[in-house]
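Participant: upload_27.txt is the file, holding compact mmCIF, C-alpha atoms:
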# COMPACT_ATOMS: atom_id res chain seq x y z
CA MET A 59 -19.26 -115.93 -96.47
CA SER A 60 -21.68 -118.49 -97.87
CA ALA A 61 -21.77 -122.10 -96.71
CA GLY A 62 -19.45 -123.07 -99.52
CA GLY A 63 -16.90 -120.44 -98.46
CA ALA A 64 -17.39 -118.17 -101.48
CA ALA A 65 -18.41 -114.55 -101.12
CA PRO A 66 -21.88 -113.80 -102.52
CA THR A 67 -21.88 -112.06 -105.88
CA ARG A 68 -23.11 -108.47 -105.76
CA PRO A 69 -25.65 -107.53 -108.42
CA ALA A 70 -24.46 -104.96 -110.95
CA PRO A 71 -25.61 -101.40 -110.14
CA HIS A 72 -28.78 -100.49 -112.01
CA VAL A 73 -28.61 -97.31 -114.13
CA LEU A 74 -31.73 -95.64 -115.54
CA ALA A 75 -30.61 -93.60 -118.57
CA VAL A 76 -33.01 -90.93 -119.84
CA ALA A 77 -32.71 -89.34 -123.29
CA ASP A 78 -35.25 -87.63 -125.52
CA TYR A 79 -34.17 -89.82 -128.44
CA PHE A 80 -32.63 -93.28 -128.60
CA VAL A 81 -32.25 -96.21 -130.97
CA PRO A 82 -33.83 -97.14 -133.34
CA GLY A 83 -33.91 -93.36 -133.84
CA PHE A 84 -30.99 -91.65 -135.56
CA ARG A 85 -32.16 -88.09 -136.28
CA GLY A 86 -31.33 -87.01 -132.73
CA GLY A 87 -27.62 -87.15 -133.54
CA GLY A 88 -24.90 -87.16 -130.92
CA VAL A 89 -27.05 -87.86 -127.86
CA ILE A 90 -28.30 -91.13 -129.35
CA THR A 91 -24.75 -92.09 -130.29
CA GLY A 92 -23.31 -91.09 -126.93
CA VAL A 93 -25.84 -92.94 -124.78
CA ALA A 94 -25.82 -96.04 -126.99
CA ASN A 95 -22.03 -96.21 -126.89
CA VAL A 96 -21.93 -95.86 -123.09
CA ILE A 97 -24.39 -98.71 -122.64
CA GLN A 98 -22.72 -100.90 -125.24
CA GLN A 99 -19.29 -100.55 -123.65
CA LEU A 100 -20.28 -100.65 -119.94
CA GLN A 101 -22.83 -103.47 -119.88
CA ALA A 102 -20.34 -105.78 -118.19
CA SER A 103 -20.26 -103.50 -115.13
CA PHE A 104 -23.77 -102.01 -114.95
CA THR A 105 -27.33 -102.98 -115.76
CA PHE A 106 -29.04 -100.36 -117.92
CA ASP A 107 -32.63 -99.38 -118.56
CA VAL A 108 -33.51 -96.53 -120.93
CA LEU A 109 -36.44 -94.12 -120.85
CA THR A 110 -37.07 -92.29 -124.13
CA ARG A 111 -39.70 -90.99 -126.55
CA ASP A 112 -41.60 -93.31 -128.87
CA ARG A 113 -40.52 -91.44 -132.03
CA ASP A 114 -37.46 -89.88 -133.62
CA LEU A 115 -36.61 -86.17 -133.73
CA GLY A 116 -39.07 -84.34 -135.97
CA ALA A 117 -41.09 -87.50 -136.69
CA ALA A 118 -44.90 -87.30 -136.62
CA GLU A 119 -45.29 -91.08 -136.33
CA PRO A 120 -43.87 -93.43 -133.68
CA TYR A 121 -41.32 -96.14 -134.37
CA PRO A 122 -43.13 -99.00 -136.17
CA ASP A 123 -41.33 -101.94 -134.55
CA VAL A 124 -41.39 -101.16 -130.81
CA SER A 125 -43.99 -101.69 -128.10
CA ARG A 126 -45.03 -98.20 -127.03
CA GLY A 127 -45.88 -97.59 -123.39
CA ALA A 128 -44.05 -100.78 -122.36
CA TRP A 129 -40.60 -102.08 -121.55
CA ASN A 130 -38.86 -103.58 -124.59
CA GLU A 131 -36.02 -106.11 -124.34
CA THR A 132 -33.18 -104.80 -126.54
CA PRO A 133 -29.40 -105.25 -126.89
CA PHE A 134 -29.13 -102.05 -124.80
CA GLY A 135 -31.17 -103.43 -121.91
CA LYS A 136 -34.84 -102.67 -121.30
CA VAL A 137 -36.09 -99.58 -123.16
CA TYR A 138 -39.38 -97.85 -122.38
CA TYR A 139 -40.79 -95.85 -125.32
CA LEU A 140 -43.03 -93.14 -123.89
CA ARG A 141 -46.24 -92.21 -125.65
CA PRO A 142 -46.67 -88.41 -125.86
CA TRP A 143 -49.11 -88.24 -122.93
CA GLN A 144 -46.74 -90.33 -120.78
CA ARG A 145 -44.14 -87.53 -120.80
CA GLN A 146 -46.22 -85.59 -118.25
CA PRO A 147 -45.25 -85.73 -114.55
CA ILE A 148 -48.00 -87.95 -113.12
CA ALA A 149 -47.73 -90.46 -115.95
CA LEU A 150 -43.92 -90.52 -115.59
CA SER A 151 -44.21 -91.25 -111.87
CA ARG A 152 -46.46 -94.21 -112.65
CA VAL A 153 -44.10 -95.56 -115.31
CA LEU A 154 -41.11 -95.40 -112.97
CA GLY A 155 -42.85 -96.21 -109.71
CA GLY A 156 -41.72 -99.83 -109.62
CA VAL A 157 -38.39 -99.51 -111.41
CA PRO A 158 -35.56 -100.38 -108.95
CA PHE A 159 -32.77 -98.18 -110.33
CA ASP A 160 -29.70 -97.18 -108.29
CA LEU A 161 -28.56 -94.23 -110.42
CA LEU A 162 -30.47 -91.74 -112.58
CA TYR A 163 -28.55 -90.67 -115.70
CA LEU A 164 -30.10 -87.65 -117.47
CA ASN A 165 -28.86 -86.63 -120.91
CA SER A 166 -30.15 -83.07 -121.28
CA LEU A 167 -30.65 -80.08 -119.00
CA PHE A 168 -33.28 -78.16 -120.97
CA SER A 169 -35.45 -81.09 -122.02
CA PRO A 170 -39.01 -81.02 -120.60
CA LEU A 171 -38.53 -84.69 -119.77
CA THR A 172 -35.55 -83.79 -117.58
CA PHE A 173 -37.49 -80.95 -115.94
CA HIS A 174 -40.43 -83.21 -115.07
CA LEU A 175 -38.17 -85.91 -113.59
CA LEU A 176 -36.25 -83.36 -111.52
CA ALA A 177 -39.54 -81.92 -110.25
CA LEU A 178 -40.83 -85.39 -109.31
CA ARG A 179 -37.55 -86.13 -107.55
CA ARG A 180 -37.74 -82.84 -105.64
CA ALA A 181 -41.34 -83.57 -104.62
CA GLY A 182 -40.47 -87.06 -103.36
CA LEU A 183 -42.51 -88.77 -106.10
CA LEU A 184 -39.46 -90.39 -107.71
CA ARG A 185 -36.76 -92.50 -106.10
CA ARG A 186 -34.11 -90.07 -104.81
CA THR A 187 -31.09 -91.96 -106.03
CA PRO A 188 -27.75 -90.43 -107.01
CA LEU A 189 -28.02 -88.41 -110.22
CA VAL A 190 -25.59 -87.74 -113.07
CA LEU A 191 -26.61 -85.08 -115.61
CA ALA A 192 -24.91 -84.70 -118.99
CA PRO A 193 -26.02 -81.43 -120.67
CA ARG A 194 -24.58 -82.61 -124.01
CA GLY A 195 -23.35 -79.20 -125.10
CA GLU A 196 -26.44 -77.23 -124.05
CA LEU A 197 -24.42 -74.89 -121.83
CA ALA A 198 -21.99 -73.79 -124.54
CA GLU A 199 -22.31 -70.07 -125.26
CA SER A 200 -23.14 -70.79 -128.90
CA ALA A 201 -25.97 -73.12 -127.82
CA LEU A 202 -27.31 -70.73 -125.18
CA ARG A 203 -27.80 -68.07 -127.85
CA VAL A 204 -30.39 -70.33 -129.49
CA SER A 205 -33.88 -70.18 -127.89
CA ARG A 206 -32.46 -67.93 -125.19
CA ARG A 207 -35.80 -66.91 -123.67
CA LYS A 208 -36.98 -70.47 -123.22
CA LYS A 209 -33.73 -71.40 -121.54
CA GLN A 210 -33.84 -68.38 -119.25
CA VAL A 211 -37.22 -69.57 -117.97
CA TYR A 212 -35.77 -73.00 -117.29
CA GLU A 213 -32.83 -71.45 -115.45
CA LYS A 214 -35.12 -69.58 -113.04
CA VAL A 215 -37.26 -72.63 -112.29
CA LEU A 216 -34.31 -74.99 -111.89
CA ARG A 217 -32.85 -72.76 -109.19
CA LEU A 218 -35.53 -74.03 -106.80
CA GLY A 219 -33.31 -76.79 -105.46
CA PHE A 220 -33.85 -79.07 -108.46
CA LEU A 221 -30.12 -79.11 -109.21
CA ASP A 222 -28.88 -79.87 -105.71
CA ASP A 223 -26.69 -82.98 -105.18
CA ILE A 224 -26.11 -83.52 -108.91
CA ILE A 225 -22.86 -84.64 -110.50
CA TRP A 226 -22.39 -83.01 -113.88
CA GLN A 227 -20.77 -84.89 -116.74
CA ALA A 228 -18.71 -83.13 -119.40
CA SER A 229 -17.47 -84.75 -122.58
CA SER A 230 -14.44 -82.47 -122.96
CA GLU A 231 -12.38 -79.93 -121.04
CA HIS A 232 -14.11 -77.24 -123.07
CA GLU A 233 -17.54 -78.40 -121.93
CA ALA A 234 -16.35 -78.73 -118.33
CA ARG A 235 -15.43 -75.03 -118.43
CA ASP A 236 -18.81 -74.18 -119.96
CA ILE A 237 -20.63 -75.99 -117.13
CA THR A 238 -18.63 -74.51 -114.26
CA GLU A 239 -18.65 -70.99 -115.72
CA PHE A 240 -22.40 -71.15 -116.32
CA PHE A 241 -23.20 -71.94 -112.71
CA GLU A 242 -20.49 -69.83 -111.10
CA ARG A 243 -21.24 -66.77 -113.25
CA ARG A 244 -25.03 -66.98 -113.37
CA HIS A 245 -25.87 -68.72 -110.13
CA GLY A 246 -22.88 -68.03 -107.90
CA ARG A 247 -22.54 -71.67 -106.90
CA THR A 248 -19.91 -74.32 -107.33
CA VAL A 249 -20.71 -77.66 -108.90
CA THR A 250 -19.14 -81.10 -109.13
CA CYS A 251 -18.22 -81.65 -112.76
CA VAL A 252 -16.34 -84.65 -114.16
CA ASN A 253 -14.87 -84.74 -117.67
CA THR A 254 -15.17 -88.29 -118.99
CA GLY A 255 -14.73 -87.73 -122.70
CA GLU A 256 -17.11 -89.66 -124.96
CA VAL A 257 -17.14 -93.43 -125.25
CA PRO A 258 -16.44 -94.45 -128.86
CA GLY A 259 -18.52 -97.06 -130.58
CA VAL A 260 -17.16 -100.49 -131.33
CA ALA A 261 -14.86 -99.96 -134.31
CA VAL A 262 -16.24 -101.19 -137.61
CA ASN A 263 -13.92 -102.59 -140.25
CA HIS A 264 -15.03 -100.58 -143.24
CA PRO A 265 -14.50 -102.34 -146.59
CA ASP A 266 -11.78 -100.08 -147.99
CA ALA A 267 -11.31 -102.34 -151.01
CA SER A 268 -14.70 -101.24 -152.38
CA ARG A 269 -13.83 -97.56 -152.13
CA ARG A 270 -13.15 -95.53 -155.30
CA PRO A 271 -9.74 -93.82 -154.86
CA LYS A 272 -9.61 -90.06 -154.73
CA ARG A 273 -8.70 -88.20 -157.90
CA ALA A 274 -6.44 -85.14 -158.01
CA GLY A 275 -8.54 -82.04 -158.70
CA GLN A 276 -11.71 -83.57 -157.25
CA VAL A 277 -13.19 -83.79 -153.75
CA ARG A 278 -16.15 -85.83 -152.57
CA ALA A 279 -16.97 -84.02 -149.32
CA MET A 280 -19.59 -84.73 -146.69
CA PHE A 281 -21.24 -82.32 -144.26
CA LEU A 282 -22.51 -84.39 -141.30
CA GLY A 283 -24.74 -82.38 -138.98
CA ARG A 284 -28.11 -80.73 -138.52
CA VAL A 285 -29.15 -78.13 -141.06
CA HIS A 286 -28.99 -75.36 -138.48
CA ARG A 287 -27.11 -72.09 -138.17
CA ILE A 288 -24.89 -73.39 -135.39
CA LYS A 289 -23.39 -75.95 -137.81
CA ASN A 290 -22.41 -73.25 -140.38
CA LEU A 291 -23.43 -74.97 -143.59
CA ASP A 292 -23.49 -71.53 -145.26
CA VAL A 293 -19.82 -71.08 -144.37
CA ALA A 294 -19.05 -74.43 -145.99
CA ILE A 295 -20.87 -73.41 -149.18
CA ARG A 296 -19.02 -70.09 -149.35
CA LEU A 297 -15.77 -71.99 -148.91
CA LEU A 298 -16.61 -74.15 -151.92
CA ALA A 299 -17.12 -71.02 -154.01
CA ARG A 300 -13.61 -69.80 -153.14
CA SER A 301 -11.77 -73.08 -153.64
CA ALA A 302 -10.25 -74.82 -156.64
CA GLY A 303 -11.26 -78.05 -158.31
CA GLU A 304 -14.45 -80.04 -158.71
CA ILE A 305 -16.15 -80.39 -155.33
CA GLU A 306 -19.27 -82.35 -154.50
CA LEU A 307 -20.69 -81.70 -151.01
CA THR A 308 -23.30 -84.11 -149.63
CA VAL A 309 -25.25 -82.82 -146.62
CA VAL A 310 -26.36 -85.54 -144.21
CA GLY A 311 -28.44 -84.52 -141.22
CA GLN A 312 -31.80 -83.45 -139.89
CA MET A 313 -33.52 -80.57 -141.71
CA GLU A 314 -34.05 -78.48 -138.58
CA ASP A 315 -34.24 -74.91 -139.89
CA THR A 316 -35.98 -74.57 -143.26
CA GLU A 317 -35.56 -70.79 -143.35
CA TYR A 318 -31.81 -71.23 -142.98
CA TRP A 319 -31.83 -73.96 -145.67
CA ASN A 320 -33.55 -71.54 -148.04
CA GLU A 321 -30.70 -69.09 -147.46
CA CYS A 322 -28.20 -71.86 -148.16
CA GLN A 323 -30.01 -72.76 -151.38
CA GLN A 324 -29.53 -69.22 -152.64
CA LEU A 325 -25.79 -69.63 -152.07
CA ILE A 326 -25.86 -73.02 -153.80
CA ALA A 327 -27.58 -71.54 -156.84
CA ALA A 328 -24.73 -69.03 -157.24
CA LEU A 329 -21.98 -71.69 -157.19
CA PRO A 330 -19.96 -72.34 -160.35
CA ARG A 331 -20.88 -75.45 -162.33
CA GLU A 332 -18.03 -77.56 -160.96
CA LYS A 333 -19.33 -77.17 -157.38
CA THR A 334 -22.44 -79.06 -156.28
CA VAL A 335 -24.27 -79.30 -152.95
CA ARG A 336 -27.17 -81.61 -152.17
CA TRP A 337 -29.07 -82.49 -149.02
CA ALA A 338 -29.30 -86.29 -148.80
CA GLY A 339 -31.39 -86.57 -145.62
CA VAL A 340 -30.80 -88.62 -142.49
CA PHE A 341 -29.60 -92.22 -142.26
CA PRO A 342 -28.86 -94.93 -139.67
CA ARG A 343 -25.36 -95.01 -138.20
CA GLU A 344 -24.25 -97.97 -140.32
CA THR A 345 -25.18 -96.15 -143.53
CA VAL A 346 -23.48 -92.95 -142.37
CA ALA A 347 -20.30 -94.90 -141.59
CA ARG A 348 -20.26 -96.29 -145.13
CA MET A 349 -20.88 -92.84 -146.64
CA LEU A 350 -17.99 -91.40 -144.62
CA MET A 351 -15.71 -94.22 -145.76
CA GLU A 352 -16.56 -93.38 -149.37
CA SER A 353 -15.97 -89.62 -148.87
CA ASP A 354 -12.65 -87.84 -149.38
CA LEU A 355 -13.29 -85.23 -146.69
CA MET A 356 -15.69 -84.35 -143.88
CA LEU A 357 -16.35 -80.59 -144.01
CA LEU A 358 -17.88 -79.15 -140.82
CA PRO A 359 -17.04 -75.49 -140.01
CA THR A 360 -19.22 -75.62 -136.88
CA ARG A 361 -19.65 -72.74 -134.44
CA GLY A 362 -19.17 -75.12 -131.54
CA GLU A 363 -19.25 -78.77 -130.43
CA ASN A 364 -19.03 -80.04 -126.87
CA PHE A 365 -17.50 -83.25 -128.24
CA GLY A 366 -18.13 -83.70 -131.96
CA HIS A 367 -19.38 -87.25 -132.51
CA ALA A 368 -19.51 -86.59 -136.24
CA ILE A 369 -15.80 -85.77 -136.25
CA LEU A 370 -14.87 -88.94 -134.37
CA GLU A 371 -17.11 -91.03 -136.63
CA ALA A 372 -15.41 -89.56 -139.69
CA LEU A 373 -11.92 -90.23 -138.37
CA MET A 374 -12.81 -93.79 -137.39
CA ALA A 375 -14.10 -94.34 -140.92
CA GLY A 376 -10.82 -93.08 -142.37
CA CYS A 377 -12.27 -89.78 -143.56
CA PRO A 378 -10.02 -86.71 -143.03
CA VAL A 379 -11.74 -83.71 -141.43
CA LEU A 380 -11.79 -79.98 -142.13
CA THR A 381 -13.50 -78.29 -139.19
CA SER A 382 -13.34 -75.15 -137.07
CA ASP A 383 -11.30 -74.47 -133.95
CA GLN A 384 -14.51 -74.58 -131.88
CA THR A 385 -14.37 -78.30 -131.06
CA PRO A 386 -12.17 -80.45 -128.80
CA TRP A 387 -10.53 -81.91 -131.92
CA ARG A 388 -7.46 -79.73 -132.26
CA GLY A 389 -4.04 -80.08 -133.89
CA LEU A 390 -5.42 -82.19 -136.74
CA ALA A 391 -2.95 -80.79 -139.29
CA SER A 392 0.06 -81.68 -137.15
CA LEU A 393 -1.30 -85.21 -136.89
CA GLY A 394 -1.81 -85.39 -140.65
CA VAL A 395 -5.51 -86.26 -140.34
CA GLY A 396 -7.18 -82.95 -141.29
CA TRP A 397 -7.42 -79.31 -140.29
CA ASP A 398 -9.03 -77.24 -137.50
CA ILE A 399 -9.13 -73.60 -138.53
CA ALA A 400 -10.41 -70.41 -136.91
CA LEU A 401 -13.84 -69.41 -138.19
CA ASP A 402 -12.61 -65.96 -139.19
CA ASP A 403 -9.65 -67.30 -141.20
CA ALA A 404 -11.26 -67.91 -144.59
CA ASP A 405 -7.88 -67.88 -146.36
CA ALA A 406 -6.53 -70.73 -144.24
CA ALA A 407 -9.72 -72.73 -144.77
CA GLN A 408 -9.45 -72.19 -148.53
CA ALA A 409 -5.80 -73.27 -148.50
CA ALA A 410 -6.75 -76.46 -146.66
CA LEU A 411 -9.55 -77.31 -149.09
CA ASP A 412 -7.30 -76.50 -152.06
CA SER A 413 -4.68 -78.85 -150.61
CA MET A 414 -7.26 -81.61 -150.36
CA SER A 415 -8.44 -80.92 -153.90
CA ALA A 416 -4.92 -81.18 -155.33
CA MET A 417 -4.15 -84.38 -153.40
CA GLY A 418 -3.71 -87.58 -155.42
CA PRO A 419 -4.81 -91.11 -154.46
CA GLU A 420 -1.58 -92.26 -152.80
CA ALA A 421 -1.22 -89.25 -150.50
CA HIS A 422 -4.92 -89.33 -149.68
CA GLU A 423 -4.83 -93.02 -148.80
CA LEU A 424 -1.97 -92.39 -146.36
CA MET A 425 -4.04 -89.59 -144.79
CA ARG A 426 -7.05 -91.91 -144.56
CA GLN A 427 -5.11 -94.60 -142.73
CA ARG A 428 -3.67 -92.05 -140.28
CA ALA A 429 -7.18 -90.72 -139.64
CA LYS A 430 -8.55 -94.20 -139.03
CA ALA A 431 -5.76 -95.14 -136.62
CA PHE A 432 -6.07 -91.84 -134.75
CA GLY A 433 -9.86 -92.03 -134.50
CA ARG A 434 -9.87 -95.53 -133.10
CA ALA A 435 -7.26 -94.67 -130.46
CA ALA A 436 -8.46 -91.13 -129.68
CA VAL A 437 -10.33 -91.72 -126.40
CA PRO A 438 -8.82 -94.85 -124.84
CA ASP A 439 -9.71 -93.89 -121.24
CA ALA A 440 -13.33 -92.88 -121.82
CA VAL A 441 -14.82 -96.25 -120.82
CA ARG A 442 -12.86 -96.30 -117.56
CA LEU A 443 -13.70 -92.66 -116.85
CA HIS A 444 -17.42 -93.30 -117.33
CA GLU A 445 -17.27 -96.27 -115.00
CA ASP A 446 -15.38 -94.18 -112.41
CA LEU A 447 -18.02 -91.42 -112.71
CA PHE A 448 -20.93 -93.78 -112.10
CA ARG A 449 -19.18 -95.42 -109.14
CA LEU A 450 -18.33 -91.99 -107.68
CA ALA A 451 -22.01 -91.04 -107.85
CA LEU A 452 -23.04 -94.32 -106.21
CA GLN A 453 -20.78 -93.87 -103.18
Here is a file; write its structure as structure tokens.
Facilitator:
Amino acid sequence: MSAGGAAPTRPAPHVLAVADYFVPGFRGGGVITGVANVIQQLQASFTFDVLTRDRDLGAAEPYPDVSRGAWNETPFGKVYYLRPWQRQPIALSRVLGGVPFDLLYLNSLFSPLTFHLLALRRAGLLRRTPLVLAPRGELAESALRVSRRKKQVYEKVLRLGFLDDIIWQASSEHEARDITEFFERRHGRTVTCVNTGEVPGVAVNHPDASRRPKRAGQVRAMFLGRVHRIKNLDVAIRLLARSAGEIELTVVGQMEDTEYWNECQQLIAALPREKTVRWAGVFPRETVARMLMESDLMLLPTRGENFGHAILEALMAGCPVLTSDQTPWRGLASLGVGWDIALDDADAAQAALDSMSAMGPEAHELMRQRAKAFGRAAVPDAVRLHEDLFRLALQ
């Protein structure tokens, strides 16, 4: 007790979050959203610093308005934007040598940045604090099939004790199974894995009054995701060709696989005149939220999502969703907010899109309001579960 009789106030635990991409970037997708939301919602309980690259995914130039190679004061705490040469082990050890963090929070398994930090930690050149690692969907079978050889090399190296005493974070029950099965099947070891869900962003009141109502026989659809085979844009285009009505599909996301996009363009060229598809590019979160609010449907027949930030963002914006059954977002039809359909059931997907096409403004507006209410209440315990995870690691 202090002289005045009051107990001294304990400082908030200090979390160092590491992610390849972070704000002001937006091309990195769900990882940026996930980490930013965690920090935004948990700042009352923890102090956060962030270590990240100095440029966005696929960008040749660094961010113009940040101090590179230095700690920047931001609404998310202090953020260090690494120059390319600072991502190497010795430079990383110098950057973090005087940073007094209590918990290391890594947001990728297969990132070189993660590998270097784990190696430094193993060698005693980095503070050996508790460690939480969120693979962010990298251990899903669909993700492991991409760049398999590179990931097999990482697996062999990471067996050398780098992954000891780690708590793994999953964002869904599906991802928790992926993580435990990966290590039990391939490495014969048990792991501590905690499913926290994903922390939603602070809900934005989208200006519904400015939205043009849906018309029967027309659909303004949006595909929100990387242009990559795992997201199944080609399946979405083929679905348009089968379905009724006038359909306009806007693709928003990073152009990650140009060969695949060329294949998609061939499908687009064969569409009937009343079906159009265009790639719009990538945009900041606020712009994407407005685009979703103005869309009639989010169409994302993905091969797999560990969480599906794009789906949650669509629902929160009042945009019904037509997606696959390979995400945690299931039972959407029974809730009246969309559809989740097996990838091999093209007839059911066509029936769902036809139903959306035939829908008039009144029925669609009711669906929009249900989607918005469901999205904003979908993960009420995620903030508490994240806080419990960090405190468990700090014990």
Participant: I'd like to know which of A:Ala302, A:Leu189, A:Ser200, A:Pro386 is closest to A:His232, using only C-alpha atoms.
Facilitator: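 Of A:Ala302, A:Leu189, A:Ser200, A:Pro386, the one nearest A:His232 is A:Pro386, counting only C-alpha atoms.
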Participant: Counting only C-alpha atoms, which of A:Glu314, A:Glu352, A:Glu213, A:Asp292 gets nearest to A:Ile326?
Facilitator: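 Counting only C-alpha atoms, the residue closest to A:Ile326 is A:Asp292.
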Participant: Select, from A:Leu74, A:Ala410, A:Met313, A:Val257, the residue with the minimum atom-to-atom distance to A:Phe106, counting only C-alpha atoms.
Facilitator: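 The answer is A:Leu74, which sits nearest to A:Phe106.
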Participant: Take atom CA of A:Lys333 and atom CA of A:Ile305 and report the distance between them in Å, one decimal.
Facilitator: 5.0 Å
Participant: Out of A:Asp354, A:Asp160, A:Asp112, A:Glu445, which residue has the shortest atom-to-atom distance to A:Glu306 when counting all atoms listed in the file?
Facilitator: A:Asp354
Participant: For A:Ala431, which residue out of A:Val277, A:Ala94, A:Leu373, A:Leu450 is the nearest one, using all atoms listed in the file?
Facilitator: A:Leu373
Participant: One decimal, in Å: what's the spacing between atom CA of A:Phe173 and atom CA of A:Arg111?
Facilitator: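 Between atom CA of A:Phe173 and atom CA of A:Arg111 the gap works out to 14.8 Å.
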Participant: What is the atom CA of A:Gly275 to atom CA of A:Leu411 distance in Å?
Facilitator: 10.8 Å
Participant: Just checking: using only C-alpha atoms, which residue out of A:Leu358, A:Ala406, A:Val81, A:Ala118 ends up closest to A:Gly135?
Facilitator: A:Val81
Participant: Produce the centre coordinates and the three edge lengths, each in Å to one decimal, of the box along x, y and z that contains all listed atoms of stretch 404-420 of chain A with 4 Å added on each side, as lines of an AutoDock Vina configuration file.
Facilitator:
center_x = -6.4
center_y = -80.1
center_z = -149.8
size_x = 17.7
size_y = 32.4
size_z = 19.2
Participant: Counting all atoms listed in the file, what are the residues of stretch 220-319 of chain A within 12 Å of stretch 166-170 of chain A, and for each of them which pair of atoms is the nearest and at what distance in Å, to one decimal? Sort the table by chain and rising number, as a Markdown table.
Facilitator:
| residue | atom | partner | partner_atom | distance |
| --- | --- | --- | --- | --- |
| A:Phe220 | CA | A:Leu167 | CA | 11.1 |
| A:Leu221 | CA | A:Leu167 | CA | 9.9 |
| A:Ile224 | CA | A:Leu167 | CA | 11.6 |
| A:Trp226 | CA | A:Leu167 | CA | 10.2 |
| A:Gln227 | CA | A:Ser166 | CA | 10.6 |
| A:Ala228 | CA | A:Ser166 | CA | 11.6 |
| A:Ile237 | CA | A:Leu167 | CA | 11.0 |
Participant: Show me, as a list in words, the residues that have an atom within 12 Å of A:Glu119 when counting only C-alpha atoms, minus same-chain residues fewer than 6 positions from it.
Facilitator: Gly83, Arg111, Asp112, Arg113, Arg126, Arg141 and Pro142 of chain A
Participant: Quick one: residues within 10 Å of A:Asp405, only C-alpha atoms, excluding same-chain residues fewer than 4 positions away - as a ChimeraX atom specification?
Facilitator: /A:297,300-301,399,409-411
